[in-house]
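J.: Right, I'll just put the structure down here and ask away after.
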Amino acid sequence: MKKILMSMLFAAAIFSATSSKAQVKLNVNVGAQPQWGPAGYDYAEYYYMPDIETYYYVPRKEFVYFNDNKWVFSPNLPPMYSGYDLYQGHKVVFKTPNAYKNFKTHKVSYAKYKNHKGQVTIKNKGNNGNHYGQYKNKSNNGNHNGQYKNKGKGNGKGKGRQ
């Protein structure tokens, strides 16, 4: 009986030692997001900017754009858009890796946000952009599709932007 009990304790000790190596990964990059990023997100992997058909890769702080049949990662905007105002243009948030690989779909889906101004940015929101829950997030992968509640700024008909 003692041998069985000792064997069970030994097995439990080995199991707990191997399972204690599991790690929990938490994706929060509020501090890493640029001040011109859209407010209201605790995590963003990429921003897509429909105005200039360019992505911004938040973890590496690089712009991603298609040039000469290849994707270019650069700390700077594409040369033809070097004067683009990052605070004014609309940004679509993606929490998925390699979002730029879905460019053809994004280009069509988010074309309606070209020249769309007035998105709240982290800088002009204050409080480090932490106002979670203001935006409706209708997709399952964490993408902000531009649909958000407009609190207190109606169109005169009581509906606001939707």
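Residue numbers start at 1 in each chain; chains themselves are named A, B, ... in the order of the structure tokens; ligands are numbered from 1 in the order shown.
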Which residues come within 7 Å of Lys91 in chain A, counting only C-alpha atoms, excluding same-chain residues fewer than 2 positions away, as a list of chain:residue names?

T.: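 These residues fall inside the cut-off: A:Pro38, A:Tyr47, A:Tyr48, A:Met49, A:Gly89, A:Val93.
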
J.: Measuring between only C-alpha atoms, which one of A:Thr121, A:Glu53, A:Met80, A:Pro75 shows the shortest distance to Asn102 in chain A?

T.: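 Between A:Thr121, A:Glu53, A:Met80, A:Pro75, the residue approaching Asn102 in chain A most closely is A:Glu53.
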